[in-house]
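So this block is data15.txt, compact mmCIF, C-alpha atoms:
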```txt
# COMPACT_ATOMS: atom_id res chain seq x y z
CA MET M 1 -1.80 -8.35 -14.50
CA VAL M 2 0.32 -7.40 -11.49
CA THR M 3 2.81 -4.56 -11.95
CA ILE M 4 5.75 -4.31 -9.54
CA PHE M 5 7.69 -1.08 -9.06
CA THR M 6 11.21 -1.49 -7.66
CA ALA M 7 13.85 1.23 -7.48
CA LEU M 8 17.02 -0.69 -8.31
CA ARG M 9 17.94 -3.77 -10.34
CA GLN M 10 19.85 -5.10 -7.31
CA GLU M 11 16.64 -4.93 -5.24
CA ALA M 12 14.64 -6.60 -7.99
CA ALA M 13 17.10 -9.37 -8.88
CA GLY M 14 15.68 -11.89 -6.42
CA LEU M 15 12.11 -11.33 -7.60
CA ILE M 16 13.12 -11.53 -11.26
CA ARG M 17 14.63 -14.97 -10.63
CA LYS M 18 11.88 -16.30 -8.34
CA LEU M 19 9.11 -15.13 -10.67
CA SER M 20 10.94 -16.30 -13.83
CA LEU M 21 10.65 -12.88 -15.47
CA THR M 22 12.39 -12.07 -18.74
CA ARG M 23 13.73 -8.73 -19.96
CA GLU M 24 11.38 -6.68 -22.12
CA ASN M 25 13.69 -3.66 -22.21
CA ASP M 26 16.31 -2.06 -19.95
CA ASP M 27 13.80 -1.23 -17.21
CA THR M 28 11.00 -3.76 -17.68
CA PHE M 29 10.74 -7.51 -17.02
CA THR M 30 7.65 -9.62 -17.70
CA GLY M 31 6.20 -13.12 -17.40
CA ASN M 32 3.32 -15.12 -15.92
CA ASN M 33 0.85 -12.21 -15.74
CA ILE M 34 3.46 -10.10 -13.92
CA ARG M 35 5.37 -7.00 -14.98
CA LEU M 36 8.32 -5.52 -13.05
CA ILE M 37 9.49 -1.96 -13.70
CA LEU M 38 12.72 -0.44 -12.39
CA THR M 39 11.96 3.14 -11.39
CA GLY M 40 15.28 4.51 -10.18
CA ILE M 41 15.77 6.15 -6.80
CA GLY M 42 13.61 8.95 -5.43
CA LYS M 43 10.12 10.38 -5.78
CA ILE M 44 10.63 12.07 -9.15
CA ASN M 45 11.89 8.89 -10.81
CA ALA M 46 9.19 6.81 -9.13
CA ALA M 47 6.38 9.13 -10.21
CA ALA M 48 7.70 9.29 -13.78
CA SER M 49 7.86 5.49 -14.01
CA ALA M 50 4.36 5.04 -12.58
CA GLY M 51 2.98 7.60 -15.02
CA TYR M 52 4.79 6.00 -17.94
CA CYS M 53 3.42 2.61 -16.95
CA LEU M 54 -0.16 3.87 -16.83
CA GLY M 55 0.20 5.64 -20.14
CA LYS M 56 1.73 2.67 -21.95
CA TYR M 57 -0.10 -0.28 -20.41
CA GLY M 58 -3.31 1.18 -19.00
CA GLU M 59 -4.85 0.11 -15.71
CA ASN M 60 -3.79 -3.24 -14.22
CA ASP M 61 -5.39 -5.46 -11.58
CA TYR M 62 -2.80 -4.81 -8.85
CA TYR M 63 0.26 -2.65 -8.26
CA VAL M 64 3.06 -3.60 -5.88
CA ASN M 65 5.89 -1.37 -4.72
CA TYR M 66 8.65 -3.55 -3.32
CA GLY M 67 12.04 -2.47 -2.07
CA SER M 68 14.33 -1.70 0.82
CA ALA M 69 13.55 0.59 3.73
CA ALA M 70 15.38 1.91 6.77
CA SER M 71 14.29 1.58 10.38
CA SER M 72 15.81 1.82 13.84
CA GLU M 73 15.01 -1.87 14.38
CA ASN M 74 13.66 -5.02 12.68
CA ILE M 75 16.64 -5.33 10.31
CA GLY M 76 15.99 -8.12 7.81
CA GLU M 77 12.22 -8.24 8.35
CA THR M 78 9.68 -7.66 5.60
CA PHE M 79 6.53 -5.60 6.23
CA PHE M 80 3.19 -4.91 4.59
CA ILE M 81 2.60 -1.13 4.65
CA GLY M 82 -0.75 0.09 5.95
CA GLN M 83 -0.04 3.82 5.98
CA ILE M 84 2.34 6.09 4.06
CA THR M 85 3.27 9.63 5.11
CA ASP M 86 5.04 12.01 2.73
CA SER M 87 7.63 13.81 4.85
CA ALA M 88 7.63 16.92 2.64
CA SER M 89 3.88 17.53 2.39
CA GLY M 90 2.65 15.68 5.46
CA ASP M 91 0.03 13.93 3.30
CA GLU M 92 -1.14 10.56 4.61
CA MET M 93 -2.04 7.68 2.31
CA PHE M 94 -3.70 4.36 3.08
CA PRO M 95 -2.92 1.50 0.69
CA ASP M 96 -4.27 -2.03 0.88
CA ILE M 97 -4.25 -3.73 4.30
CA ALA M 98 -5.20 -7.24 3.19
CA ASP M 99 -4.51 -10.02 5.64
CA THR M 100 -1.12 -11.61 4.82
CA ASP M 101 1.68 -13.44 6.57
CA PHE M 102 3.61 -10.16 6.69
CA SER M 103 3.56 -7.95 9.76
CA HIS M 104 2.26 -4.42 9.26
CA ALA M 105 4.25 -1.19 9.45
CA THR M 106 3.87 2.50 8.66
CA LEU M 107 6.13 4.12 6.09
CA VAL M 108 7.56 7.63 5.76
CA THR M 109 8.71 8.66 2.27
CA SER M 110 11.55 11.16 2.40
CA ASP M 111 13.06 13.34 -0.31
CA LYS M 112 16.57 12.23 0.66
CA PRO M 113 18.28 9.38 2.50
CA VAL M 114 17.73 9.61 6.25
CA SER M 115 20.46 9.07 8.81
CA SER M 116 20.18 6.79 11.83
CA ASP M 117 19.87 9.87 14.07
CA GLU M 118 17.04 11.26 11.90
CA ILE M 119 15.25 7.90 12.03
CA LEU M 120 15.42 7.75 15.81
CA HIS M 121 14.31 11.37 16.18
CA GLY M 122 11.56 11.16 13.56
CA SER M 123 10.16 7.84 14.74
CA SER M 124 9.91 9.09 18.31
CA LYS M 125 7.60 11.89 17.13
CA LEU M 126 5.24 9.53 15.30
CA ILE M 127 2.42 7.86 17.19
CA SER M 128 2.38 4.30 15.93
CA GLU M 129 1.83 0.86 17.43
CA VAL M 130 3.75 -0.75 14.58
CA PRO M 131 7.30 -0.20 13.26
CA VAL M 132 8.03 3.02 11.38
CA LEU M 133 10.04 2.57 8.17
CA TYR M 134 11.60 5.08 5.76
CA ASP M 135 11.93 4.98 1.97
CA MET M 136 12.20 7.43 -0.96
CA GLU M 137 9.58 6.30 -3.52
CA ALA M 138 6.31 5.00 -2.08
CA SER M 139 4.29 8.19 -1.64
CA ALA M 140 5.05 9.31 -5.21
CA ILE M 141 3.89 5.98 -6.65
CA TYR M 142 0.70 6.13 -4.58
CA GLN M 143 -0.06 9.71 -5.66
CA VAL M 144 0.21 8.81 -9.34
CA LEU M 145 -1.73 5.55 -9.12
CA LYS M 146 -4.61 7.06 -7.14
CA LYS M 147 -5.59 9.07 -10.22
CA VAL M 148 -6.72 5.91 -12.02
CA THR M 149 -7.18 3.17 -9.44
CA THR M 150 -8.32 2.49 -5.89
CA PRO M 151 -6.17 1.96 -2.77
CA ASP M 152 -7.17 -1.70 -2.49
CA ARG M 153 -5.23 -2.34 -5.70
CA MET M 154 -2.06 -0.76 -4.29
CA ILE M 155 0.28 -2.91 -2.20
CA PHE M 156 3.48 -1.70 -0.60
CA ILE M 157 5.97 -4.25 0.75
CA LYS M 158 9.27 -3.20 2.27
CA THR M 159 12.24 -5.12 3.68
CA VAL M 160 14.25 -3.33 6.37
CA THR M 161 17.84 -3.43 5.16
CA ASP M 162 19.53 -0.80 7.33
CA ASN M 163 19.10 1.70 10.15
CA GLY M 164 20.16 4.73 8.13
CA ASN M 165 23.83 3.78 7.95
CA ALA M 166 23.56 1.61 4.89
CA ASP M 167 25.94 -1.20 4.03
CA PHE M 168 25.03 -1.71 0.37
CA LYS M 169 26.36 -5.28 0.14
CA LYS M 170 24.53 -6.35 3.30
CA SER M 171 21.35 -4.59 2.17
CA ILE M 172 21.29 -6.50 -1.10
CA GLU M 173 21.86 -9.78 0.76
CA LEU M 174 18.87 -9.08 3.03
CA ILE M 175 16.47 -8.06 0.29
CA THR M 176 17.52 -11.02 -1.86
CA GLU M 177 16.81 -13.39 1.04
CA ALA M 178 13.37 -11.79 1.46
CA ALA M 179 12.50 -12.27 -2.22
CA THR M 180 11.33 -15.88 -1.80
CA LYS M 181 8.42 -15.02 0.49
CA VAL M 182 7.53 -11.87 -1.43
CA ALA M 183 7.55 -13.76 -4.73
CA GLU M 184 5.16 -16.38 -3.36
CA TYR M 185 2.74 -13.64 -2.30
CA ILE M 186 2.93 -11.99 -5.73
CA LYS M 187 2.31 -15.32 -7.47
CA THR M 188 -0.86 -15.71 -5.42
CA LEU M 189 -1.87 -12.15 -6.24
CA SER M 190 -1.30 -12.65 -9.97
CA ALA M 191 -3.74 -15.56 -9.98
CA LYS M 192 -6.57 -13.37 -8.71
CA THR M 193 -9.04 -11.52 -10.89
CA PHE M 194 -9.94 -8.18 -9.44
CA PRO M 195 -13.73 -7.68 -9.21
CA GLY M 196 -15.44 -5.24 -11.52
CA ASN M 197 -16.78 -1.95 -10.27
CA ASP M 198 -20.25 -3.36 -9.76
CA GLU M 199 -18.84 -6.07 -7.46
CA ARG M 200 -16.72 -3.88 -5.22
CA PRO M 201 -17.97 -3.72 -1.64
CA LEU M 202 -17.77 0.05 -1.16
CA PRO M 203 -21.17 1.61 -1.96
CA ASP M 204 -20.96 5.14 -3.26
CA GLU M 205 -24.16 5.91 -1.36
CA LEU M 206 -22.52 5.32 2.04
CA SER M 207 -19.49 7.39 1.12
CA SER M 208 -21.81 10.19 0.07
CA GLU M 209 -23.87 9.90 3.27
CA LEU M 210 -20.69 10.35 5.34
CA HIS M 211 -19.40 13.26 3.20
CA CYS M 212 -16.15 11.31 2.89
CA SER M 213 -12.85 12.97 2.19
CA GLU M 214 -10.34 10.86 0.27
CA THR M 215 -8.74 9.70 3.53
CA MET M 216 -12.13 8.79 5.01
CA ARG M 217 -13.10 6.94 1.85
CA ASN M 218 -9.86 4.95 1.93
CA GLN M 219 -10.43 4.01 5.58
CA LEU M 220 -13.99 2.96 4.82
CA SER M 221 -12.92 0.95 1.78
CA GLN M 222 -10.28 -0.93 3.77
CA TYR M 223 -12.72 -1.59 6.61
CA ILE M 224 -15.43 -2.96 4.32
CA LYS M 225 -12.85 -5.13 2.61
CA TYR M 226 -11.79 -6.53 5.99
CA MET M 227 -15.39 -7.16 7.08
CA THR M 228 -16.10 -8.92 3.79
CA ALA M 229 -13.02 -11.15 4.13
CA ALA M 230 -13.95 -11.90 7.76
CA GLY M 231 -17.46 -12.99 6.77
CA ARG M 232 -19.00 -10.11 8.75
CA ILE M 233 -20.47 -8.02 5.93
CA GLU M 234 -24.07 -8.80 6.99
CA GLU M 235 -23.22 -7.56 10.49
CA LEU M 236 -21.88 -4.34 9.00
CA THR M 237 -24.89 -3.90 6.72
CA SER M 238 -27.22 -4.32 9.71
CA HIS M 239 -25.26 -1.71 11.65
CA ILE M 240 -25.44 0.78 8.76
CA ASP M 241 -29.19 0.19 8.49
CA SER M 242 -29.58 0.90 12.21
CA LEU M 243 -27.67 4.17 11.85
CA ARG M 244 -30.03 5.19 9.06
CA HIS M 245 -33.05 4.15 11.14
CA ASP M 246 -31.78 6.30 14.05
CA GLY M 247 -31.43 9.31 11.75
CA LEU M 248 -27.62 9.43 12.01
CA LEU M 249 -27.23 8.76 8.31
CA PRO M 250 -26.99 10.65 6.13
CA ALA M 251 -24.71 12.88 8.23
CA PRO M 252 -25.41 16.62 8.04
CA ASP M 253 -21.78 17.49 7.28
CA ARG M 254 -18.28 16.03 7.08
CA LYS M 255 -17.51 16.70 10.74
CA GLN M 256 -20.44 14.56 11.83
CA GLY M 257 -19.65 12.07 9.08
CA LYS M 258 -16.14 11.64 10.47
CA ALA M 259 -17.56 10.98 13.95
CA ILE M 260 -19.98 8.38 12.57
CA LEU M 261 -17.18 6.77 10.54
CA SER M 262 -15.12 6.44 13.74
CA ARG M 263 -18.11 4.75 15.32
CA ILE M 264 -18.36 2.33 12.40
CA LEU M 265 -14.63 1.56 12.43
CA SER M 266 -14.66 0.90 16.18
CA ARG M 267 -16.60 -2.33 15.56
CA ILE M 268 -13.55 -4.09 14.04
```
Serialized structure, structure tokens:
Amino acid sequence: MVTIFTALRQEAAGLIRKLSLTRENDDTFTGNNIRLILTGIGKINAAASAGYCLGKYGENDYYVNYGSAASSENIGETFFIGQITDSASGDEMFPDIADTDFSHATLVTSDKPVSSDEILHGSSKLISEVPVLYDMEASAIYQVLKKVTTPDRMIFIKTVTDNGNADFKKSIELITEAATKVAEYIKTLSAKTFPGNDERPLPDELSSELHCSETMRNQLSQYIKYMTAAGRIEELTSHIDSLRHDGLLPAPDRKQGKAILSRILSRI
């Protein structure tokens, strides 16, 4: 089952049609191994909806947060989010970075709508080689889901609908146009069966050897997933074995583990 979280019915309308979903109740639409939940705007509503979903339905195969975002450029484009920063806490989160036809972007979740001036000022302070987008729900959904599932089951897709000076009618037009491509991706996702714990490529032993923090573990998980998809997992395994042979693993502490992790990640 794939569960989609979307803030507003207007944002979700295109997906509901393209995925042939039917109304289960006022906030939930289902069909074809897919569930869509309307969360409402903002982090509190998003967190409450994610928690309600987990409590009522249990753990699903994949979770998708789809909706509009603001950016100083790229109006009308849809992005796959590889990093989320909560503007209030500064916490950084790393959801799935699977290879897709979508370009990648970073996302900042704010407690309130951001103006075009705030977007320009905030984006200039962030070091990023990809576009920086702004929304109001993603970090809260991630924080709730991480309690029961892993980052590689969390997918965040955002369509840039404005630059901070929102035209609601135009925004809905843009996100509705984007729904076709997003729906096709979700259909593909819904046909997958997520591997069981014993089949997942992230060995607990390696995470322990590196003294991984949550952020480090997420980076490692994403990297191993990429290497597996690229057919390079044997290369990675050989490299890990050589680090063990050289006495670099297990690392003596997290500081050294972080340095070794950077060395591992540099092979991408």
Handout entry: Surrounding residues of range 63-72 of chain M excluding itself and chain neighbours under 2 positions, 6 Å, only C-alpha atoms, as a VMD selection string
Key = chain M and resid 2 to 6 133 to 135 154 to 164
Create the file for the chosen residues now, containing C-alpha atoms and written as a compact mmCIF listing (two decimals), in the frame of the given file.
```txt
# COMPACT_ATOMS: atom_id res chain seq x y z
CA VAL M 2 0.32 -7.40 -11.49
CA THR M 3 2.81 -4.56 -11.95
CA ILE M 4 5.75 -4.31 -9.54
CA PHE M 5 7.69 -1.08 -9.06
CA THR M 6 11.21 -1.49 -7.66
CA LEU M 133 10.04 2.57 8.17
CA TYR M 134 11.60 5.08 5.76
CA ASP M 135 11.93 4.98 1.97
CA MET M 154 -2.06 -0.76 -4.29
CA ILE M 155 0.28 -2.91 -2.20
CA PHE M 156 3.48 -1.70 -0.60
CA ILE M 157 5.97 -4.25 0.75
CA LYS M 158 9.27 -3.20 2.27
CA THR M 159 12.24 -5.12 3.68
CA VAL M 160 14.25 -3.33 6.37
CA THR M 161 17.84 -3.43 5.16
CA ASP M 162 19.53 -0.80 7.33
CA ASN M 163 19.10 1.70 10.15
CA GLY M 164 20.16 4.73 8.13
```
Practice task
Choose the residue, out of M:Leu210, M:Arg267, M:Arg254, M:Asn165, that has the smallest atom-to-atom separation from Leu236 in chain M; count all atoms listed in the file.
Solution key: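 Residue with the minimum atom-to-atom distance to Leu236 in chain M: M:Arg267.
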Exercise for the section: Name the closest residue to Phe29 in chain M among the candidates M:Glu177, M:Lys192, M:Gly42, M:Arg9; distances are taken between atoms, counting all atoms listed in the file. Expected result: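 Among the listed residues, the smallest separation from Phe29 in chain M belongs to M:Arg9.
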Exercise for the section: Figure out the distance between CA of Val132 in chain M and CA of Asp117 in chain M, please, to one decimal in Å. Expected result: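 Computed distance, CA of Asp117 in chain M to CA of Val132 in chain M, equals 13.9 Å.
Distances to Gln143 in chain M were evaluated for M:Thr106, M:Ser20, M:Thr85, M:Thr180 using all atoms listed in the file, and the minimum falls at M:Thr85.
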Problem - Of the listed residues M:His211, M:Arg263, M:Lys18, M:Arg232, that which approaches Ala251 in chain M most closely, counting all atoms listed in the file - result: M:His211
Practice task
Between CA of Ser171 in chain M and CA of Thr28 in chain M, measure the distance and give it in Å to one decimal.
Solution key: 22.4 Å
Exercise for the section: Just the residues within 10 Å of Arg23 in chain M, please, counting only C-alpha atoms, with nothing from its chain fewer than 6 positions along; format it as a ChimeraX atom specification. Expected result: /M:16,29-31,35-36
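One finds CA of Ala105 in chain M at 20.5 Å from CA of Lys146 in chain M.
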Exercise for the section: Find the spatial neighbours of Ala140 in chain M, counting only C-alpha atoms, within a cut-off of 7 Å - ignore same-chain residues fewer than 2 positions away - and output them as a PyMOL selection string. Expected result: chain M and resi 43+46-47+137-138+142-144
Problem - Nearest residue to Lys147 in chain M from the set M:Glu24, M:Glu234, M:Asp96, M:Glu214 (distances using all atoms listed in the file) - result: M:Glu214
Completion exercise
Of M:Ile175, M:Ala259, M:Leu19, M:Ala48, the one sitting nearest Ile141 in chain M when using all atoms listed in the file is M:Ala48
Problem - Gly247 in chain M environment, 12 Å, only C-alpha atoms, sequence neighbours closer than 6 positions dropped, as a PyMOL selection string - result: chain M and resi 209+240-241+260
